[in-house]
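> Below you'll find run.cif; it's mmCIF, C-alpha atoms.
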data_coords
loop_
_atom_site.label_atom_id
_atom_site.label_comp_id
_atom_site.auth_asym_id
_atom_site.auth_seq_id
_atom_site.Cartn_x
_atom_site.Cartn_y
_atom_site.Cartn_z
CA MET A 3 73.41 101.62 42.04
CA ILE A 4 70.94 102.69 39.36
CA ASN A 5 71.93 99.72 37.21
CA LYS A 6 71.31 97.29 40.06
CA LEU A 7 67.88 98.80 40.74
CA PHE A 8 67.03 98.64 37.07
CA ASN A 9 68.15 95.04 36.83
CA PHE A 10 66.10 94.16 39.94
CA ILE A 11 62.97 95.74 38.47
CA ILE A 12 63.48 93.92 35.18
CA ALA A 13 64.00 90.60 37.05
CA LEU A 14 60.88 91.22 39.12
CA ILE A 15 58.83 91.96 36.04
CA LEU A 16 60.10 88.85 34.28
CA THR A 17 59.48 86.69 37.35
CA SER A 18 55.94 88.07 37.73
CA PHE A 19 55.26 87.40 34.06
CA VAL A 20 56.51 83.81 34.33
CA LEU A 21 54.40 83.22 37.46
CA PHE A 22 51.36 84.67 35.68
CA LEU A 23 51.88 82.40 32.70
CA LEU A 24 52.38 79.38 34.98
CA PHE A 25 49.21 80.15 36.94
CA ASP A 26 47.14 81.00 33.87
CA LYS A 27 48.26 78.21 31.58
CA ILE A 28 48.97 75.32 33.97
CA ILE A 29 47.68 75.70 37.53
CA MET A 30 44.20 77.17 36.76
CA PRO A 31 43.35 74.80 33.84
CA THR A 32 44.36 71.82 35.99
CA TYR A 33 42.17 73.05 38.87
CA ILE A 34 39.23 73.79 36.58
CA ARG A 35 39.45 70.39 34.89
CA LYS A 36 39.45 68.70 38.28
CA ASP A 37 36.05 70.16 39.21
CA LYS A 38 34.68 70.25 35.66
CA THR A 39 31.01 69.23 35.27
CA ILE A 40 29.53 67.68 32.16
CA ILE A 41 25.99 67.05 30.99
CA VAL A 42 24.61 63.50 31.29
CA MET A 43 23.74 62.02 27.91
CA ASP A 44 20.43 60.27 27.22
CA VAL A 45 20.79 56.50 26.69
CA LYS A 46 17.16 55.49 27.26
CA GLY A 47 15.82 53.19 24.56
CA LYS A 48 19.28 51.93 23.62
CA SER A 49 20.66 48.45 24.15
CA LEU A 50 22.74 47.93 27.28
CA ASP A 51 25.97 47.25 25.40
CA LEU A 52 25.63 50.36 23.26
CA ALA A 53 24.68 52.53 26.25
CA ILE A 54 27.72 51.39 28.23
CA LYS A 55 30.05 52.13 25.31
CA GLN A 56 28.60 55.60 24.75
CA LEU A 57 28.74 56.48 28.43
CA GLU A 58 32.36 55.38 28.70
CA SER A 59 33.26 57.40 25.61
CA GLU A 60 31.92 60.50 27.41
CA GLY A 61 33.84 59.76 30.61
CA PHE A 62 31.00 58.09 32.56
CA LYS A 63 30.62 54.65 34.05
CA GLY A 64 27.44 52.64 33.46
CA THR A 65 26.00 50.00 35.80
CA VAL A 66 22.71 48.08 35.97
CA PHE A 67 20.80 48.71 39.21
CA ASP A 68 17.29 47.48 38.40
CA THR A 69 15.24 45.47 35.90
CA VAL A 70 11.64 45.53 34.72
CA TYR A 71 9.79 42.63 33.08
CA THR A 72 7.98 43.68 29.92
CA SER A 73 6.98 42.36 26.51
CA GLU A 74 6.92 45.85 24.96
CA LEU A 75 10.71 46.21 24.67
CA ASP A 76 13.56 44.01 23.54
CA PRO A 77 15.51 42.41 26.41
CA SER A 78 18.38 44.54 27.85
CA THR A 79 16.92 47.83 26.60
CA ILE A 80 17.53 50.89 28.80
CA VAL A 81 14.20 51.84 30.42
CA ASP A 82 15.45 54.56 32.76
CA GLN A 83 18.66 56.09 34.09
CA TYR A 84 19.90 58.06 37.08
CA PRO A 85 21.12 60.81 37.05
CA LEU A 86 18.55 61.84 34.47
CA PRO A 87 19.59 63.06 31.00
CA GLY A 88 20.56 66.74 30.90
CA GLN A 89 21.80 66.95 34.49
CA LYS A 90 25.30 68.30 35.18
CA VAL A 91 27.61 65.90 37.02
CA LYS A 92 31.32 65.47 37.62
CA HIS A 93 33.50 63.64 35.14
CA GLY A 94 33.67 59.91 35.90
CA ARG A 95 30.23 59.75 37.56
CA THR A 96 28.52 56.32 37.58
CA ILE A 97 25.21 56.31 35.70
CA ARG A 98 22.75 53.74 37.09
CA LEU A 99 20.65 52.01 34.46
CA LYS A 100 17.30 50.22 34.60
CA ILE A 101 16.94 47.61 31.86
CA SER A 102 14.12 45.49 30.44
CA ARG A 103 13.91 41.71 30.67
CA SER A 104 11.71 39.19 28.93
CA GLU A 105 8.37 38.87 30.65
CA LYS A 106 8.10 36.00 33.11
CA MET A 107 6.03 33.01 32.03
CA ILE A 108 3.55 31.70 34.58
CA GLU A 109 2.51 28.08 34.94
CA VAL A 110 -1.27 27.69 34.94
CA PRO A 111 -2.56 25.92 38.08
CA SER A 112 -5.39 23.39 38.21
CA LEU A 113 -8.71 25.11 38.87
CA VAL A 114 -11.03 22.18 38.15
CA GLY A 115 -12.97 21.15 41.25
CA GLN A 116 -12.41 24.46 43.06
CA SER A 117 -15.17 26.93 43.79
CA ARG A 118 -15.36 29.86 41.42
CA ARG A 119 -14.24 32.27 44.16
CA SER A 120 -11.22 30.14 45.12
CA ALA A 121 -10.22 29.89 41.46
CA GLU A 122 -10.42 33.67 41.03
CA ILE A 123 -8.25 34.30 44.09
CA ALA A 124 -5.64 31.73 43.02
CA ILE A 125 -5.41 33.27 39.55
CA GLN A 126 -5.17 36.86 40.82
CA GLN A 127 -2.29 35.94 43.14
CA LEU A 128 -0.33 34.72 40.12
CA GLY A 129 -0.92 37.92 38.16
CA LEU A 130 -3.46 36.36 35.81
CA VAL A 131 -7.17 37.03 35.29
CA ILE A 132 -10.31 35.09 34.43
CA ASP A 133 -11.73 36.84 31.39
CA SER A 134 -14.47 34.39 30.34
CA VAL A 135 -16.87 32.42 32.53
CA TYR A 136 -19.32 29.92 31.05
CA LEU A 137 -22.13 28.17 32.90
CA GLU A 138 -23.34 24.65 32.17
CA TYR A 139 -25.18 21.79 33.81
CA ASN A 140 -22.67 19.12 34.79
CA PRO A 141 -23.56 16.12 36.96
CA ASP A 142 -19.90 15.34 37.63
CA TYR A 143 -19.17 18.56 39.55
CA PRO A 144 -21.17 20.23 42.34
CA LYS A 145 -22.94 23.47 41.56
CA GLY A 146 -20.59 26.48 41.71
CA THR A 147 -17.36 24.55 41.07
CA VAL A 148 -15.05 24.79 38.07
CA ALA A 149 -15.65 21.92 35.64
CA TRP A 150 -13.31 23.03 32.79
CA GLN A 151 -10.51 25.51 32.14
CA PHE A 152 -8.41 26.85 29.27
CA PRO A 153 -5.44 27.07 29.15
CA LYS A 154 -5.16 23.75 30.94
CA GLU A 155 -3.12 22.95 34.03
CA GLY A 156 0.65 23.12 33.43
CA ASP A 157 0.53 25.42 30.38
CA GLN A 158 2.87 28.44 30.38
CA ILE A 159 1.36 31.88 29.70
CA LYS A 160 2.44 35.50 30.11
CA LYS A 161 1.55 37.49 33.19
CA GLY A 162 -1.65 39.51 32.80
CA LEU A 163 -3.28 37.15 30.32
CA GLY A 164 -6.73 35.67 30.90
CA LEU A 165 -8.21 32.22 31.35
CA GLN A 166 -11.56 30.76 30.39
CA ILE A 167 -13.48 28.58 32.85
CA THR A 168 -16.77 26.70 32.90
CA VAL A 169 -18.66 26.69 36.19
CA SER A 170 -20.96 23.77 36.89
CA GLN A 171 -24.62 24.43 37.57
CA GLY A 172 -25.02 20.93 38.94
CA LEU A 173 -27.64 18.55 37.65
CA PRO A 174 -30.00 19.63 34.89
CA PRO A 175 -33.48 20.38 36.31
CA ASP A 176 -35.08 17.40 34.51
CA PHE A 177 -32.38 14.87 35.30
CA PHE A 178 -31.90 12.60 38.30
CA GLN A 179 -28.58 11.34 39.66
CA VAL A 180 -28.45 8.10 41.63
CA PRO A 181 -26.77 8.59 45.04
CA GLN A 182 -24.23 6.29 46.69
CA LEU A 183 -26.22 4.06 49.06
CA PHE A 184 -23.75 1.26 49.82
CA GLY A 185 -22.92 1.08 53.53
CA LEU A 186 -25.84 3.28 54.59
CA SER A 187 -28.57 2.21 56.93
CA MET A 188 -32.00 1.62 55.43
CA LYS A 189 -33.26 4.82 57.06
CA LYS A 190 -30.40 6.91 55.66
CA ALA A 191 -30.73 5.28 52.23
CA LYS A 192 -34.42 6.17 52.04
CA SER A 193 -33.56 9.77 52.97
CA GLU A 194 -30.92 10.00 50.22
CA LEU A 195 -33.38 8.66 47.65
CA ILE A 196 -35.95 11.27 48.62
CA LYS A 197 -33.35 14.06 48.22
CA ALA A 198 -32.45 12.69 44.79
CA ARG A 199 -36.17 12.61 43.86
CA LEU A 200 -36.00 8.85 43.38
CA THR A 201 -38.07 6.13 45.01
CA LEU A 202 -37.28 2.95 46.88
CA GLY A 203 -38.03 -0.17 44.85
CA LYS A 204 -37.79 -3.82 45.83
CA VAL A 205 -35.81 -4.64 48.97
CA SER A 206 -34.02 -8.00 49.16
CA TYR A 207 -32.25 -9.38 52.18
CA GLN A 208 -28.95 -11.16 52.53
CA GLN A 209 -27.60 -12.75 55.68
CA ASN A 210 -24.39 -11.09 56.87
CA GLU A 211 -23.17 -11.42 60.44
CA ASP A 212 -20.32 -8.91 59.97
CA LEU A 213 -22.53 -5.85 59.42
CA VAL A 214 -25.12 -4.00 61.42
CA PRO A 215 -28.56 -5.32 60.41
CA TYR A 216 -30.34 -3.43 57.61
CA THR A 217 -27.15 -2.04 56.06
CA VAL A 218 -27.28 -1.53 52.27
CA LEU A 219 -25.08 -4.09 50.49
CA ASP A 220 -25.94 -3.27 46.90
CA GLN A 221 -28.22 -1.14 44.71
CA SER A 222 -29.85 -1.86 41.34
CA ILE A 223 -28.52 1.26 39.57
CA ALA A 224 -24.89 2.31 39.99
CA PRO A 225 -24.22 5.49 41.99
CA GLY A 226 -23.58 8.58 39.84
CA THR A 227 -25.83 7.38 37.03
CA VAL A 228 -27.86 10.23 35.53
CA LEU A 229 -31.47 9.38 34.64
CA ASP A 230 -33.87 11.38 32.52
CA LYS A 231 -36.81 10.43 34.75
CA SER A 232 -37.42 9.36 38.32
CA SER A 233 -36.98 5.61 38.84
CA ASN A 234 -37.19 2.92 41.51
CA ILE A 235 -33.92 1.84 43.08
CA ASP A 236 -33.86 -1.74 44.35
CA LEU A 237 -31.69 -2.54 47.35
CA ILE A 238 -30.05 -5.56 48.92
CA VAL A 239 -29.89 -5.18 52.70
CA SER A 240 -28.01 -7.16 55.34
CA ILE A 241 -29.67 -9.15 58.15
CA LEU A 242 -28.32 -11.40 60.91
CA ASP A 243 -30.84 -14.21 60.48
CA LEU A 244 -33.45 -14.95 57.81
CA GLN A 245 -35.89 -15.72 60.60
CA ASP A 246 -35.79 -12.02 61.48
CA ILE A 247 -37.30 -11.20 58.09
CA PHE A 248 -40.05 -13.76 58.53
CA ASP A 249 -40.89 -12.41 61.96
CA LYS A 250 -40.86 -8.82 60.62
CA LEU A 251 -43.16 -9.68 57.73
CA GLN A 252 -45.56 -11.46 60.08
CA SER A 253 -45.66 -8.45 62.40
CA GLU A 254 -46.43 -6.10 59.51
CA LYS A 255 -49.54 -8.10 58.46
#
As structure tokens, please, write out the structure in this file.


Amino acid sequence: MINKLFNFIIALILTSFVLFLLFDKIIMPTYIRKDKTIIVMDVKGKSLDLAIKQLESEGFKGTVFDTVYTSELDPSTIVDQYPLPGQKVKHGRTIRLKISRSEKMIEVPSLVGQSRRSAEIAIQQLGLVIDSVYLEYNPDYPKGTVAWQFPKEGDQIKKGLGLQITVSQGLPPDFFQVPQLFGLSMKKAKSELIKARLTLGKVSYQQNEDLVPYTVLDQSIAPGTVLDKSSNIDLIVSILDLQDIFDKLQSEK
């Protein structure tokens, strides 16, 4: 009886010891490893390929979730990461990476002929700026409109860069530009000449039954011509019948 009790105690002790070793050496380490946390490494500033390799070597997964366009970093450089470096996460966690890309090139639009304000708005919407504005007298463009730009239309430049423009101030103060008079009535033609600070010269008449009488058919100086002094502008005007001119001249005596 005593031998059986002794043997039972010995067996119990041995069984308890084996269970302790099993729990301590196998079950607990397996459980701890399952919930083990590790510190996230810092891959910012590294190339994407290198960052992915280093993350995988530490038991992480790396994936690109966002990009930023910049000229300050080489393309595919890690700009940011989440979770952040130093945080404790579970083994196998996916690390989301933000990488750099080459800065977008922007095609320069045509600004010539637009008002200065319209040009500024168009440029701002593209992410560009106007950094230099020059003023000059230019008879070919109305006052306040863009007469010249650099870079020119169609050129490719980086976002944030500036353009230079020249804004027309219209005609020089001591110059005179001949207006377009063809097709105007005599009354309207005289009004346009007054506005241009020019004077009406000789008026000739030409019979034309297809036009309203006293319509301007031609002018002695081409429209758009810039003069350095006020001049007379001769006109050819339509009439229905030459007799009308004779009667008009007689009535004016």

> Convert the output of the PyMOL selection byres ((chain A and resi 171-180) around 12) on the shown file into explicit residues, formatted as a VMD selection string.

chain A and resid 117 to 118 136 to 149 168 to 170 181 to 184 191 194 to 202 221 to 236

> When you look at Ile80 of chain A with a cut-off of 8 Å (counting only C-alpha atoms), what residues show up, excluding the ones that are within fewer than 4 positions of it in the same chain? I need them as a list in words.

Val45, Lys46, Gly47, Lys48, Ser49, Leu50, Ala53, Leu99, Lys100, Ile101 and Ser102 of chain A

> Suppose you want the space between atom CA of Glu122 of chain A and atom CA of Gln158 of chain A; what is it in Å?

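These two atoms are separated by 17.8 Å.
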
> Selection in question (the file shown): the PyMOL selection byres ((chain A and resi 151) around 6). Which residues does it include, as a VMD selection string?

chain A and resid 150 152 154 166 to 167

> Around (-31.9, -9.1, 51.3) in the file's own coordinates, what residues are found within 7 Å if you use all atoms listed in the file, given back as a PyMOL selection string?

chain A and resi 205-208+238-240

> Quick one: distance from atom CA of Thr65 of chain A to atom CA of Arg95 of chain A in Å, one decimal?

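Separation of atom CA of Thr65 of chain A and atom CA of Arg95 of chain A: 10.8 Å.
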
> Could you give me, as a list in words, the residues within 10 Å of Arg103 of chain A, counting only C-alpha atoms and dropping anything in the same chain fewer than 2 positions from it?

Thr69, Val70, Tyr71, Thr72, Ser73, Glu74, Leu75, Asp76, Pro77, Ser78, Thr79, Lys100, Ile101, Glu105 and Lys106 of chain A

> Distance atom CA of Lys189 of chain A-atom CA of Pro215 of chain A, one decimal place?

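Computing it gives 11.7 Å between the two atoms.
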
> Could you write out as a VMD selection string the residues that the PyMOL selection byres ((chain A and resi 88) around 7) matches in the shown file?

chain A and resid 41 to 43 86 to 87 89 to 90

> May I ask which of the residues A:Lys204, A:Pro111, A:Thr217, A:Gly64 is the closest one to Leu52 of chain A, counting only C-alpha atoms?

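Ranked by minimum distance to Leu52 of chain A, first place goes to A:Gly64.
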
> Which of these residues is nearest to Asp133 of chain A, using only C-alpha atoms: A:Gly164, A:Thr39, A:Gly115, A:Phe62?

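Of A:Gly164, A:Thr39, A:Gly115, A:Phe62, the one nearest Asp133 of chain A, counting only C-alpha atoms, is A:Gly164.
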